[in-house]
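File shown: coords.tsv. Contents: TSV, C-alpha atoms.
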```tsv
chain	number	residue	atom	x	y	z
A	1	MET	CA	34.55	19.47	-89.09
A	2	GLN	CA	35.32	21.13	-92.46
A	3	PRO	CA	36.74	18.94	-95.26
A	4	VAL	CA	40.13	20.69	-95.19
A	5	GLU	CA	40.33	20.30	-91.41
A	6	LEU	CA	39.42	16.62	-91.80
A	7	GLY	CA	42.21	16.25	-94.37
A	8	ILE	CA	44.73	17.98	-92.09
A	9	SER	CA	43.79	15.71	-89.18
A	10	GLY	CA	44.11	12.66	-91.43
A	11	ALA	CA	47.57	13.70	-92.61
A	12	ILE	CA	48.86	14.17	-89.05
A	13	ALA	CA	47.34	10.85	-87.92
A	14	SER	CA	48.95	9.20	-90.96
A	15	ALA	CA	52.31	10.70	-89.98
A	16	ILE	CA	52.01	9.31	-86.44
A	17	LEU	CA	51.21	5.78	-87.63
A	18	TRP	CA	53.96	5.85	-90.28
A	19	ALA	CA	56.46	6.95	-87.62
A	20	LEU	CA	55.43	4.17	-85.24
A	21	ALA	CA	55.65	1.56	-88.00
A	22	SER	CA	59.10	2.81	-89.08
A	23	VAL	CA	60.47	2.63	-85.53
A	24	LEU	CA	59.09	-0.90	-85.10
A	25	ILE	CA	60.38	-2.21	-88.45
A	26	LYS	CA	63.87	-1.00	-87.52
A	27	THR	CA	64.30	-4.23	-85.55
A	28	GLN	CA	63.73	-6.37	-88.67
A	29	VAL	CA	65.57	-4.69	-91.55
A	30	SER	CA	68.93	-6.27	-90.69
A	31	GLN	CA	67.43	-9.78	-90.76
A	32	ARG	CA	65.31	-9.71	-93.94
A	33	ASP	CA	65.67	-8.27	-97.40
A	34	PRO	CA	63.49	-5.21	-98.12
A	35	VAL	CA	61.37	-6.92	-100.80
A	36	THR	CA	60.35	-9.72	-98.42
A	37	LEU	CA	59.49	-7.27	-95.64
A	38	SER	CA	57.57	-4.99	-97.98
A	39	ALA	CA	55.67	-7.96	-99.46
A	40	LEU	CA	54.63	-9.16	-96.00
A	41	GLN	CA	53.57	-5.66	-94.97
A	42	SER	CA	51.42	-5.36	-98.10
A	43	LEU	CA	49.96	-8.83	-97.50
A	44	PHE	CA	48.79	-7.96	-93.98
A	45	ALA	CA	47.48	-4.60	-95.21
A	46	SER	CA	45.54	-6.47	-97.92
A	47	LEU	CA	43.95	-8.64	-95.24
A	48	LEU	CA	42.97	-5.47	-93.35
A	49	PHE	CA	41.20	-4.04	-96.40
A	50	LEU	CA	39.58	-7.42	-97.05
A	51	GLY	CA	38.08	-7.11	-93.57
A	52	PHE	CA	36.78	-3.64	-94.43
A	53	LEU	CA	35.30	-5.09	-97.63
A	54	LEU	CA	33.47	-7.84	-95.72
A	55	VAL	CA	32.00	-5.29	-93.30
A	56	LEU	CA	31.05	-2.58	-95.81
A	57	GLY	CA	30.12	-4.79	-98.75
A	58	PRO	CA	31.68	-4.71	-102.23
A	59	ARG	CA	28.96	-2.63	-103.87
A	60	GLY	CA	29.15	0.22	-101.39
A	61	VAL	CA	32.94	0.30	-101.50
A	62	PHE	CA	33.74	-0.14	-105.20
A	63	PHE	CA	30.76	1.66	-106.72
A	64	GLY	CA	32.00	4.51	-108.93
A	65	LEU	CA	35.60	3.31	-109.20
A	66	ARG	CA	36.43	3.92	-112.86
A	67	LEU	CA	39.02	2.07	-114.92
A	68	SER	CA	41.18	5.19	-115.21
A	69	SER	CA	41.16	5.50	-111.42
A	70	VAL	CA	42.14	1.85	-111.03
A	71	VAL	CA	45.08	2.29	-113.41
A	72	ALA	CA	46.24	5.44	-111.60
A	73	LEU	CA	45.96	3.78	-108.18
A	74	ILE	CA	47.89	0.71	-109.38
A	75	LEU	CA	50.61	3.03	-110.71
A	76	ALA	CA	50.64	4.92	-107.39
A	77	ALA	CA	50.97	1.61	-105.54
A	78	ALA	CA	53.85	0.51	-107.78
A	79	LEU	CA	55.68	3.81	-107.24
A	80	GLY	CA	54.85	4.32	-103.55
A	81	LEU	CA	54.07	1.06	-101.74
A	82	VAL	CA	56.49	-1.01	-103.85
A	83	ALA	CA	59.39	1.07	-105.20
A	84	ALA	CA	59.49	3.83	-102.57
A	85	ASN	CA	58.94	1.48	-99.63
A	86	CYS	CA	61.60	-1.01	-100.80
A	87	LEU	CA	64.06	1.84	-101.33
A	88	PHE	CA	63.17	3.22	-97.91
A	89	LEU	CA	63.74	-0.13	-96.18
A	90	SER	CA	67.03	-0.52	-98.07
A	91	SER	CA	68.16	2.93	-96.95
A	92	ILE	CA	67.28	2.11	-93.32
A	93	ARG	CA	69.28	-1.09	-93.62
A	94	ILE	CA	72.36	0.80	-94.83
A	95	ALA	CA	72.19	4.22	-93.18
A	96	GLY	CA	69.81	3.67	-90.27
A	97	VAL	CA	66.32	5.02	-89.63
A	98	ILE	CA	67.54	8.24	-87.98
A	99	GLN	CA	69.32	9.37	-91.17
A	100	ALA	CA	67.14	7.75	-93.84
A	101	PHE	CA	63.66	8.60	-92.58
A	102	PRO	CA	63.99	12.41	-92.68
A	103	LEU	CA	65.52	12.27	-96.16
A	104	THR	CA	62.64	10.14	-97.43
A	105	CYS	CA	60.24	12.68	-95.90
A	106	SER	CA	61.58	15.40	-98.20
A	107	TYR	CA	59.13	14.04	-100.81
A	108	PRO	CA	56.64	16.96	-100.42
A	109	LEU	CA	59.00	19.13	-102.49
A	110	PHE	CA	58.46	16.77	-105.42
A	111	THR	CA	54.72	16.56	-104.75
A	112	MET	CA	54.25	20.33	-104.49
A	113	LEU	CA	55.97	20.88	-107.83
A	114	LEU	CA	53.91	18.21	-109.56
A	115	ALA	CA	50.65	19.34	-107.91
A	116	TRP	CA	51.26	22.90	-109.09
A	117	ALA	CA	52.32	21.87	-112.61
A	118	PHE	CA	49.79	19.13	-113.40
A	119	LEU	CA	46.96	19.20	-110.85
A	120	SER	CA	46.35	22.97	-110.85
A	121	GLU	CA	46.63	23.14	-107.06
A	122	THR	CA	47.27	26.60	-105.63
A	123	ILE	CA	50.60	26.86	-103.83
A	124	SER	CA	50.90	29.86	-101.50
A	125	TRP	CA	54.11	31.43	-100.22
A	126	ALA	CA	53.13	30.27	-96.73
A	127	MET	CA	52.99	26.67	-97.98
A	128	ILE	CA	56.37	27.00	-99.70
A	129	LEU	CA	57.97	28.48	-96.59
A	130	GLY	CA	56.29	25.86	-94.41
A	131	ALA	CA	57.53	23.05	-96.67
A	132	LEU	CA	61.10	24.35	-96.49
A	133	LEU	CA	60.91	24.62	-92.69
A	134	VAL	CA	59.61	21.04	-92.47
A	135	VAL	CA	62.45	19.76	-94.68
A	136	VAL	CA	65.07	21.63	-92.62
A	137	GLY	CA	63.43	20.41	-89.44
A	138	VAL	CA	63.36	16.74	-90.43
A	139	THR	CA	67.00	17.04	-91.56
A	140	LEU	CA	67.95	18.27	-88.08
A	141	LEU	CA	65.94	15.43	-86.57
A	142	GLY	CA	67.94	13.05	-88.73
A	143	ARG	CA	71.16	14.42	-87.28
A	144	GLY	CA	69.84	14.52	-83.74
A	145	GLU	CA	71.98	11.66	-82.47
A	146	GLY	CA	75.13	13.57	-83.21
A	147	ASP	CA	78.00	13.00	-85.58
A	148	LEU	CA	79.76	9.70	-85.90
A	149	PRO	CA	83.16	9.31	-84.32
A	150	GLU	CA	85.97	10.22	-86.68
A	151	ALA	CA	87.27	6.66	-86.86
A	152	LYS	CA	83.88	5.41	-87.94
A	153	THR	CA	83.11	8.28	-90.28
A	154	SER	CA	85.69	7.35	-92.91
A	155	SER	CA	84.88	3.62	-92.83
A	156	MET	CA	81.11	4.19	-93.04
A	157	GLN	CA	81.12	7.08	-95.52
A	158	ASP	CA	80.43	4.95	-98.60
A	159	SER	CA	77.55	3.11	-96.92
A	160	SER	CA	76.12	6.38	-95.65
A	161	THR	CA	76.27	7.85	-99.16
A	162	ARG	CA	74.48	4.84	-100.66
A	163	GLY	CA	71.83	5.05	-97.95
A	164	THR	CA	71.35	8.76	-98.64
A	165	VAL	CA	70.95	8.18	-102.38
A	166	LEU	CA	68.41	5.39	-101.80
A	167	ALA	CA	66.43	7.58	-99.39
A	168	LEU	CA	66.33	10.44	-101.90
A	169	PHE	CA	65.17	8.09	-104.67
A	170	SER	CA	62.50	6.87	-102.25
A	171	ALA	CA	61.42	10.49	-101.69
A	172	ALA	CA	61.17	11.07	-105.45
A	173	CYS	CA	59.03	7.94	-105.88
A	174	TRP	CA	56.74	8.97	-102.99
A	175	GLY	CA	56.43	12.46	-104.47
A	176	VAL	CA	55.32	11.18	-107.87
A	177	ALA	CA	53.11	8.50	-106.28
A	178	THR	CA	51.26	11.11	-104.21
A	179	ALA	CA	50.49	13.22	-107.28
A	180	VAL	CA	49.31	10.14	-109.22
A	181	MET	CA	47.26	9.09	-106.17
A	182	LYS	CA	45.39	12.39	-106.31
A	183	VAL	CA	44.47	11.70	-109.94
A	184	GLY	CA	43.30	8.18	-109.08
A	185	MET	CA	41.13	9.29	-106.19
A	186	GLY	CA	38.52	11.22	-108.17
A	187	GLU	CA	35.15	10.40	-106.63
A	188	ALA	CA	36.30	6.94	-105.54
A	189	ASP	CA	35.57	5.63	-102.07
A	190	LEU	CA	38.58	5.91	-99.74
A	191	PHE	CA	38.37	2.23	-98.79
A	192	ALA	CA	38.22	1.25	-102.46
A	193	ALA	CA	41.31	3.33	-103.23
A	194	GLY	CA	43.21	1.96	-100.24
A	195	ALA	CA	42.24	-1.63	-101.02
A	196	THR	CA	43.21	-1.25	-104.69
A	197	MET	CA	46.64	0.07	-103.72
A	198	ALA	CA	47.30	-2.54	-101.02
A	199	TRP	CA	46.19	-5.45	-103.19
A	200	SER	CA	48.17	-4.15	-106.17
A	201	ALA	CA	51.34	-3.76	-104.11
A	202	SER	CA	50.90	-7.23	-102.60
A	203	GLY	CA	50.39	-8.77	-106.04
A	204	ILE	CA	53.39	-7.01	-107.59
A	205	LEU	CA	55.75	-7.91	-104.73
A	206	THR	CA	54.54	-11.52	-104.52
A	207	LEU	CA	55.03	-11.96	-108.27
A	208	TRP	CA	58.52	-10.46	-107.98
A	209	ILE	CA	59.41	-12.91	-105.17
A	210	ILE	CA	58.16	-15.86	-107.27
A	211	ILE	CA	60.19	-14.69	-110.28
A	212	ARG	CA	63.31	-14.36	-108.12
A	213	GLY	CA	62.75	-17.85	-106.68
A	214	ARG	CA	62.63	-16.69	-103.05
A	215	VAL	CA	59.31	-18.19	-102.00
A	216	SER	CA	60.93	-20.27	-99.24
A	217	SER	CA	62.54	-17.21	-97.62
A	218	PHE	CA	59.23	-15.36	-97.90
A	219	LEU	CA	57.22	-18.04	-96.13
A	220	GLY	CA	59.66	-19.35	-93.52
A	221	GLY	CA	62.19	-18.35	-90.90
A	222	PHE	CA	60.04	-15.96	-88.84
A	223	ASP	CA	59.50	-16.47	-85.14
A	224	PHE	CA	56.24	-15.27	-83.58
A	225	ARG	CA	57.66	-11.94	-82.35
A	226	SER	CA	59.21	-11.01	-85.70
A	227	LEU	CA	56.07	-11.93	-87.60
A	228	ALA	CA	53.96	-9.91	-85.15
A	229	VAL	CA	56.19	-6.85	-85.67
A	230	VAL	CA	55.99	-7.13	-89.46
A	231	ALA	CA	52.22	-7.69	-89.28
A	232	GLY	CA	51.80	-4.67	-87.03
A	233	THR	CA	53.81	-2.43	-89.35
A	234	GLY	CA	51.80	-3.69	-92.31
A	235	LEU	CA	48.48	-2.96	-90.61
A	236	LEU	CA	49.52	0.46	-89.28
A	237	GLY	CA	52.10	1.67	-91.82
A	238	ALA	CA	52.34	2.92	-95.38
A	239	SER	CA	50.27	0.09	-96.88
A	240	GLY	CA	47.56	-0.03	-94.20
A	241	LEU	CA	45.83	2.47	-91.93
A	242	SER	CA	48.46	5.16	-92.49
A	243	ASN	CA	47.84	5.03	-96.23
A	244	LEU	CA	44.05	5.09	-95.76
A	245	LEU	CA	44.35	8.24	-93.64
A	246	PHE	CA	46.77	9.73	-96.15
A	247	LEU	CA	44.31	9.08	-98.99
A	248	MET	CA	41.66	10.91	-96.95
A	249	ALA	CA	44.09	13.80	-96.47
A	250	VAL	CA	44.93	14.01	-100.18
A	251	HIS	CA	41.23	13.90	-101.05
A	252	HIS	CA	40.14	16.66	-98.65
A	253	ALA	CA	43.25	18.85	-98.29
A	254	GLY	CA	45.04	18.37	-101.62
A	255	ALA	CA	48.19	16.48	-102.54
A	256	ALA	CA	50.60	19.33	-101.71
A	257	ARG	CA	49.26	20.19	-98.24
A	258	ALA	CA	48.71	16.53	-97.29
A	259	SER	CA	52.22	15.47	-98.28
A	260	VAL	CA	53.88	18.26	-96.26
A	261	LEU	CA	51.84	17.48	-93.13
A	262	ALA	CA	52.45	13.73	-93.47
A	263	ALA	CA	56.17	14.48	-93.81
A	264	THR	CA	56.18	15.58	-90.16
A	265	SER	CA	56.49	11.87	-89.40
A	266	PRO	CA	60.18	12.09	-88.30
A	267	LEU	CA	59.08	14.38	-85.45
A	268	PHE	CA	56.87	11.62	-84.07
A	269	ALA	CA	59.51	9.00	-84.87
A	270	ALA	CA	62.00	10.97	-82.75
A	271	LEU	CA	59.49	11.10	-79.88
A	272	PHE	CA	58.80	7.37	-80.16
A	273	ALA	CA	62.54	6.67	-80.20
A	274	ILE	CA	63.04	8.79	-77.07
A	275	PHE	CA	60.19	7.29	-75.04
A	276	LEU	CA	60.06	3.73	-76.41
A	277	LEU	CA	63.68	3.04	-77.32
A	278	ARG	CA	65.18	5.32	-74.63
A	279	GLU	CA	67.20	7.28	-77.19
A	280	ARG	CA	68.78	10.54	-76.06
A	281	PHE	CA	67.15	13.95	-76.53
A	282	SER	CA	69.43	16.61	-78.02
A	283	LEU	CA	69.39	20.28	-78.98
A	284	LYS	CA	69.15	19.35	-82.66
A	285	ILE	CA	66.07	17.23	-81.98
A	286	GLY	CA	64.50	20.15	-80.10
A	287	ALA	CA	65.30	22.65	-82.88
A	288	GLY	CA	64.14	20.25	-85.59
A	289	SER	CA	60.89	19.57	-83.75
A	290	LEU	CA	60.18	23.29	-83.42
A	291	LEU	CA	60.80	23.90	-87.14
A	292	VAL	CA	58.51	21.00	-88.07
A	293	VAL	CA	55.70	22.31	-85.87
A	294	VAL	CA	56.00	25.89	-87.23
A	295	GLY	CA	56.27	24.66	-90.82
A	296	SER	CA	53.22	22.44	-90.42
A	297	TRP	CA	51.23	25.36	-89.03
A	298	LEU	CA	52.17	27.50	-92.05
A	299	VAL	CA	51.07	24.77	-94.44
A	300	SER	CA	47.76	24.21	-92.66
A	301	ILE	CA	46.59	27.86	-92.49
```

Would you mind writing the file's structure down as structure tokens?
Amino acid sequence: MQPVELGISGAIASAILWALASVLIKTQVSQRDPVTLSALQSLFASLLFLGFLLVLGPRGVFFGLRLSSVVALILAAALGLVAANCLFLSSIRIAGVIQAFPLTCSYPLFTMLLAWAFLSETISWAMILGALLVVVGVTLLGRGEGDLPEAKTSSMQDSSTRGTVLALFSAACWGVATAVMKVGMGEADLFAAGATMAWSASGILTLWIIIRGRVSSFLGGFDFRSLAVVAGTGLLGASGLSNLLFLMAVHHAGAARASVLAATSPLFAALFAIFLLRERFSLKIGAGSLLVVVGSWLVSI
């Protein structure tokens, strides 16, 4: 398999895992604050990378990781796994995953601009058209459940607006984080980069919880099922395996192409919602899915 093809496969696999984690975490966002959830996700992801470290050995993993790369990866973790993820969870809490997730996945527009301006990546017209189709497609997927009833629309408009703003800020943070991530990768091992980001995010969020005096809420109050869901989303989602695959995609396919392909995640989230949560299929979901598939093909050619 060619490096670009490997990167494309990694981006799509990352999108699938991110979608599954986002659907699962939907059951927890109304019960816990976003910082606590994000901190726990990062903690379980850190344990995952610790396991990789024990298997592969520290020398083989961290050899060649320069100080400049470490700084860039810590910054990417702060922007992506901390700021963007907390904003994303907050937007889900307010506006719901169906509306917030597609808006967050508009981040490739920010990444493509930064990759072209600062990373000297070549952006073709096919990639630009594909990115626009993906954004339109995920927007349709976000509206796939239909409009709110009129009586609810006026009472929920302010909350919906706040959720939209938070999701867009999350997209901006993810866009910048992806570009910075590309800089931090260099010749670093993928496991080293993933571990550095997960451990950095866990450290930042844990410190923030201690400063806010919320250690008791962080450690207690979870039943086994809730903790298992949060652990699963941490292992599979943006801090864990999904991020490792995304790092591979950025390394082999470039930040711009990888971000657009990973942004197809709402397509898989819609499918998971239909088959796992028994949500209704609609014409908008079908049209959005088609646009995402065509846009992804344009980006990958």

Completion exercise
Closest of A:Ala231, A:Ala287, A:Ile211, A:Ser200 to A:Leu73, counting all atoms listed in the file, is A:Ser200

Problem - Residue with smallest distance to A:Leu47 - pool A:Val23, A:Met185, A:Leu235, A:Leu247, counting all atoms listed in the file - result: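 Ranking A:Val23, A:Met185, A:Leu235, A:Leu247 by distance to A:Leu47, first place goes to A:Leu235.
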
If you take only C-alpha atoms and a cut-off of 8 Å, which residues of stretch 15-114 of chain A touch stretch 169-172 of chain A, and what are their nearest atom pairs and distances in Å to one decimal, in chain and number order, as CSV?
```
residue,atom,partner,partner_atom,distance
A:Ala83,CA,A:Ser170,CA,7.2
A:Ala84,CA,A:Ser170,CA,4.3
A:Asn85,CA,A:Ser170,CA,7.0
A:Leu87,CA,A:Ser170,CA,5.3
A:Phe88,CA,A:Ser170,CA,5.7
A:Leu103,CA,A:Ala171,CA,7.1
A:Thr104,CA,A:Ala171,CA,4.4
A:Cys105,CA,A:Ala171,CA,6.3
A:Ser106,CA,A:Ala171,CA,6.0
A:Tyr107,CA,A:Ala171,CA,4.3
A:Phe110,CA,A:Ala172,CA,6.3
```

Practice task
Would you list the contacts of A:Pro3 as number ranges by chain, taking every protein, DNA or RNA residue within 9 Å and counting only C-alpha atoms, but skipping same-chain residues closer than 3 positions in sequence?
Solution key: A: 6-8, 251-253

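The residue that comes closest to A:Ala262, out of A:Leu283, A:Val138, A:Ile210, A:Ala76 and on the basis of only C-alpha atoms, is A:Val138.
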
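Neighbours of A:Ala238 closer than or equal to 9 Å, with all atoms listed in the file counted and sequence neighbours fewer than 4 positions away skipped, come out as Ser14, Leu17, Trp18, Ala21, Gln41, Ser42, Ala45, Gly80, Leu81, Asn85, Thr233, Gly234, Ser242, Asn243, Leu244 and Phe246 of chain A.
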
Handout entry: Residue nearest A:Ser30 - candidates A:Ser69, A:Phe191, A:Ser226, A:Leu267, atoms counted: all atoms listed in the file
Key =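 Closest residue, counting all atoms listed in the file: A:Ser226.
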
Handout entry: Gap from atom CA of A:Asp223 to atom CA of A:Phe101 - Å, one decimal
Key =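 Distance between the two atoms: 26.5 Å.
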
Handout entry: Å distance separating atom CA of A:Leu207 from atom CA of A:Ala95, one decimal place
Key =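 About the pair atom CA of A:Leu207 and atom CA of A:Ala95: they are 28.0 Å apart.
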